[in-house]
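S.K.: The structure's right below; bear with me while I get my questions together.
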Amino acid sequence: MDEPLFDEEFGNRSFATVQQGESCLRRLRELGIGIDRVQHALRAGDQAARQADEFSPKTAAGLQRWTNTIQELRRGLATDGWECEDPKNSPRLVRADKAVSLAVVTGDKHTGVPEHFPKNAHPLGSTMVDAIRHNDSKQVAGQQPIEVVDSFAKGILELNSITWVLLYRRTAKFGLRAEISYPALTRDRVITDWKERLILPEEKFIEENTPLDADTDDVYFEIREA
C-alpha cells in the first residue's frame with residue numbers, strides 16, 4: 001500500500017510501505033526481531049492486564065499490560081543480543097549493532113488496521129519525541145535539527161539508531177491488534193506520520209474474562225521521565 005490516507009486530526013498522511021503476511025515476517029527478520037518473541041510478549045501483557053479487576057485503579061489494566069509486554073519482549077530479545085536501555089525512564093531495546101531501537105507504545109483504535117491511520121493513545125514523553133525527530137532527520141542527510149543533535153549527544157540514545165515502535169491495541173471484538181512501525185513525525189506529542197508499518201497477525205482469545213482495558217475509552221497514565 002502506498003497511498004495517502006485522511007486523518008481527522010492531521011489531514012492527509014501517507015505511508016511509504018504497509019506490509020503484512022510473509023513480507024512483514026521477512027522485514028522483521030531483516031530487523032532482527034523474532035515474531036515469536038513479540039507474540040509471547042503481547043500474550044504476557046494480555047495475561048497481566050487480566051489480573052486487574054473492579055477493585056483496581058482505573059489505570060491498572062493498561063499499565064500492567066504495558067510493563068509486562070516490555071518485560072517479556074526484553075527477556076526474549078536479550079537472548080538474541082538486544083540490549084535494554086532506559087534513557088530518562090523511557091524504556092526501549094537496542095539491537096547489538098546500535099542501528100535499531102524498539103519502544104513499546106499503546107495505540108488507538110486504528111492500530112494494526114492497514115487502511116486506517118494509527119496514533120499513540122497517550123502523549124509521548126520528550127525522549128520519545130526526540131527519537132522520532134531523529135528518525136525524520138535521518139531521512140534527509142545533512143539536515144539534522146540542532147536540538148536533536150544536542151539531545152542525542154548527551155547520551156539520550158545512540159545517534160545512529162532508528163527508533164521503531166511496537167504499537168498495540170486490545171479489543172473485545174477483534175482481540176489484540178499490533179504492528180511494528182517506523183514513526184517519522186510528531187506534533188503535540190502525537191505521532192503524525194509513519195515511514196513504514198509492519199502489520200502483525202491478529203491475536204484471538206477465548207475470553208474467560210475480558211481485560212478491563214479492552215474497548216474502553218483510553219485511561220491516561222503517564223510514565224514520568226527523569
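Within each chain, counting starts at residue 1; across the C-alpha cells, chains are named A, B, ... in the order shown, with ligands numbered 1 upward in that order.
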Could you pull the residues within 9 Å of Ile33 (chain A), counting only C-alpha atoms, minus those fewer than 6 positions along the same chain, as a short mmCIF file (atom, residue, chain, number, x, y, z; two decimals) with N, CA, C and O atoms, in the first residue's frame?

M.R.:
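And here is the file that came out, result-v6.cif:
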```cif
data_model
loop_
_atom_site.label_atom_id
_atom_site.label_comp_id
_atom_site.auth_asym_id
_atom_site.auth_seq_id
_atom_site.Cartn_x
_atom_site.Cartn_y
_atom_site.Cartn_z
N ARG A 27 10.55 -8.76 6.64
CA ARG A 27 11.09 -7.47 7.09
C ARG A 27 11.49 -7.53 8.56
O ARG A 27 12.53 -6.97 8.95
N LEU A 77 14.18 -10.77 23.47
CA LEU A 77 15.17 -10.22 22.54
C LEU A 77 16.57 -10.15 23.14
O LEU A 77 17.55 -10.12 22.39
N ASP A 80 18.61 -12.77 21.91
CA ASP A 80 19.09 -12.57 20.55
C ASP A 80 20.13 -11.46 20.45
O ASP A 80 20.46 -11.02 19.34
#
```

S.K.: Quick check for you: according to DSSP on this backbone, which residues of region 25-220 of chain A are classed as alpha helix (DSSP H)? Reply as a PyMOL selection string.

M.R.: chain A and resi 25-31+35-49+60-79+126-138+146-153

S.K.: Write the residues of the selection above to a file with C-alpha atoms, as a JSON list (two decimals), in the first residue's frame.

M.R.:
```json
[["chain", "number", "residue", "atom", "x", "y", "z"],
["A", 25, "LEU", "CA", 7.80, -11.51, 8.60],
["A", 26, "ARG", "CA", 10.66, -11.12, 6.13],
["A", 27, "ARG", "CA", 11.09, -7.47, 7.09],
["A", 28, "LEU", "CA", 11.06, -8.36, 10.79],
["A", 29, "ARG", "CA", 13.83, -10.89, 10.15],
["A", 30, "GLU", "CA", 15.83, -8.15, 8.44],
["A", 31, "LEU", "CA", 15.41, -6.02, 11.55],
["A", 35, "ILE", "CA", 7.90, -12.70, 15.63],
["A", 36, "ASP", "CA", 7.73, -15.39, 18.31],
["A", 37, "ARG", "CA", 9.38, -13.03, 20.80],
["A", 38, "VAL", "CA", 6.85, -10.32, 20.01],
["A", 39, "GLN", "CA", 3.81, -12.59, 20.19],
["A", 40, "HIS", "CA", 4.94, -14.06, 23.50],
["A", 41, "ALA", "CA", 5.37, -10.56, 24.94],
["A", 42, "LEU", "CA", 1.93, -9.46, 23.73],
["A", 43, "ARG", "CA", 0.31, -12.52, 25.30],
["A", 44, "ALA", "CA", 2.16, -11.93, 28.56],
["A", 45, "GLY", "CA", 0.89, -8.36, 28.58],
["A", 46, "ASP", "CA", -2.66, -9.55, 27.98],
["A", 47, "GLN", "CA", -2.43, -12.04, 30.82],
["A", 48, "ALA", "CA", -1.14, -9.34, 33.16],
["A", 49, "ALA", "CA", -3.96, -6.97, 32.20],
["A", 60, "ALA", "CA", -4.11, -0.75, 36.35],
["A", 61, "ALA", "CA", -5.01, -2.95, 33.36],
["A", 62, "GLY", "CA", -3.36, -0.68, 30.79],
["A", 63, "LEU", "CA", -0.28, -0.09, 32.90],
["A", 64, "GLN", "CA", 0.16, -3.77, 33.73],
["A", 65, "ARG", "CA", -0.22, -4.68, 30.05],
["A", 66, "TRP", "CA", 2.41, -2.13, 29.03],
["A", 67, "THR", "CA", 5.00, -3.04, 31.68],
["A", 68, "ASN", "CA", 4.66, -6.80, 31.22],
["A", 69, "THR", "CA", 4.78, -6.54, 27.43],
["A", 70, "ILE", "CA", 8.05, -4.63, 27.73],
["A", 71, "GLN", "CA", 9.44, -7.04, 30.32],
["A", 72, "GLU", "CA", 8.81, -10.15, 28.24],
["A", 73, "LEU", "CA", 9.91, -8.52, 24.99],
["A", 74, "ARG", "CA", 13.18, -7.57, 26.67],
["A", 75, "ARG", "CA", 13.59, -11.06, 28.09],
["A", 76, "GLY", "CA", 13.12, -12.61, 24.67],
["A", 77, "LEU", "CA", 15.17, -10.22, 22.54],
["A", 78, "ALA", "CA", 18.01, -10.17, 25.07],
["A", 79, "THR", "CA", 18.53, -13.80, 24.11],
["A", 126, "SER", "CA", 10.12, 14.18, 25.43],
["A", 127, "THR", "CA", 12.69, 11.40, 24.93],
["A", 128, "MET", "CA", 10.39, 9.57, 22.52],
["A", 129, "VAL", "CA", 9.59, 12.80, 20.68],
["A", 130, "ASP", "CA", 13.34, 13.44, 20.29],
["A", 131, "ALA", "CA", 13.83, 9.91, 18.98],
["A", 132, "ILE", "CA", 11.16, 10.39, 16.31],
["A", 133, "ARG", "CA", 12.61, 13.76, 15.32],
["A", 134, "HIS", "CA", 15.90, 11.95, 14.88],
["A", 135, "ASN", "CA", 14.15, 9.39, 12.66],
["A", 136, "ASP", "CA", 12.89, 12.23, 10.49],
["A", 137, "SER", "CA", 16.30, 13.87, 10.31],
["A", 138, "LYS", "CA", 17.91, 10.59, 9.19],
["A", 146, "ILE", "CA", 20.45, 21.31, 16.25],
["A", 147, "GLU", "CA", 18.22, 20.44, 19.20],
["A", 148, "VAL", "CA", 18.08, 16.79, 18.09],
["A", 149, "VAL", "CA", 21.84, 16.54, 17.70],
["A", 150, "ASP", "CA", 22.32, 18.12, 21.13],
["A", 151, "SER", "CA", 19.92, 15.78, 22.91],
["A", 152, "PHE", "CA", 21.41, 12.65, 21.41],
["A", 153, "ALA", "CA", 24.94, 13.89, 22.02]]
```

S.K.: Check which residues of region 66-116 of chain A sit at most 12 Å from region 193-197 of chain A using only C-alpha atoms, and return one row each with the closest pair of atoms and their distance in Å to one decimal, ordered by chain and rising number, as JSON lines.

M.R.:
```
{"residue": "A:Thr111", "atom": "CA", "partner": "A:Arg197", "partner_atom": "CA", "distance": 10.2}
{"residue": "A:Gly112", "atom": "CA", "partner": "A:Arg197", "partner_atom": "CA", "distance": 8.8}
{"residue": "A:Val113", "atom": "CA", "partner": "A:Arg197", "partner_atom": "CA", "distance": 10.1}
{"residue": "A:Pro114", "atom": "CA", "partner": "A:Arg197", "partner_atom": "CA", "distance": 8.3}
{"residue": "A:Glu115", "atom": "CA", "partner": "A:Arg197", "partner_atom": "CA", "distance": 11.2}
{"residue": "A:His116", "atom": "CA", "partner": "A:Arg197", "partner_atom": "CA", "distance": 11.4}
```

S.K.: Between CA of Thr163 (chain A) and CA of Lys204 (chain A), what distance in Å does the model show, to one decimal?

M.R.: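 These two atoms are separated by 27.9 Å.
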
S.K.: May I ask for the distance between CA of Leu200 (chain A) and CA of Ala121 (chain A), given in Å to one decimal place?

M.R.: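 Separating CA of Leu200 (chain A) from CA of Ala121 (chain A) is a distance of 18.4 Å.
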
S.K.: What separation in Å, quoted to one decimal, exists between CA of Ile191 (chain A) and CA of Lys119 (chain A)?

M.R.: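 Atom-to-atom, CA of Ile191 (chain A) and CA of Lys119 (chain A) are spaced 5.7 Å apart.
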
S.K.: Have a look at A:Ser56, A:Asn120, A:Ser161, A:Gln51 and name the one nearest to Arg95 (chain A); count only C-alpha atoms.

M.R.: A:Ser161
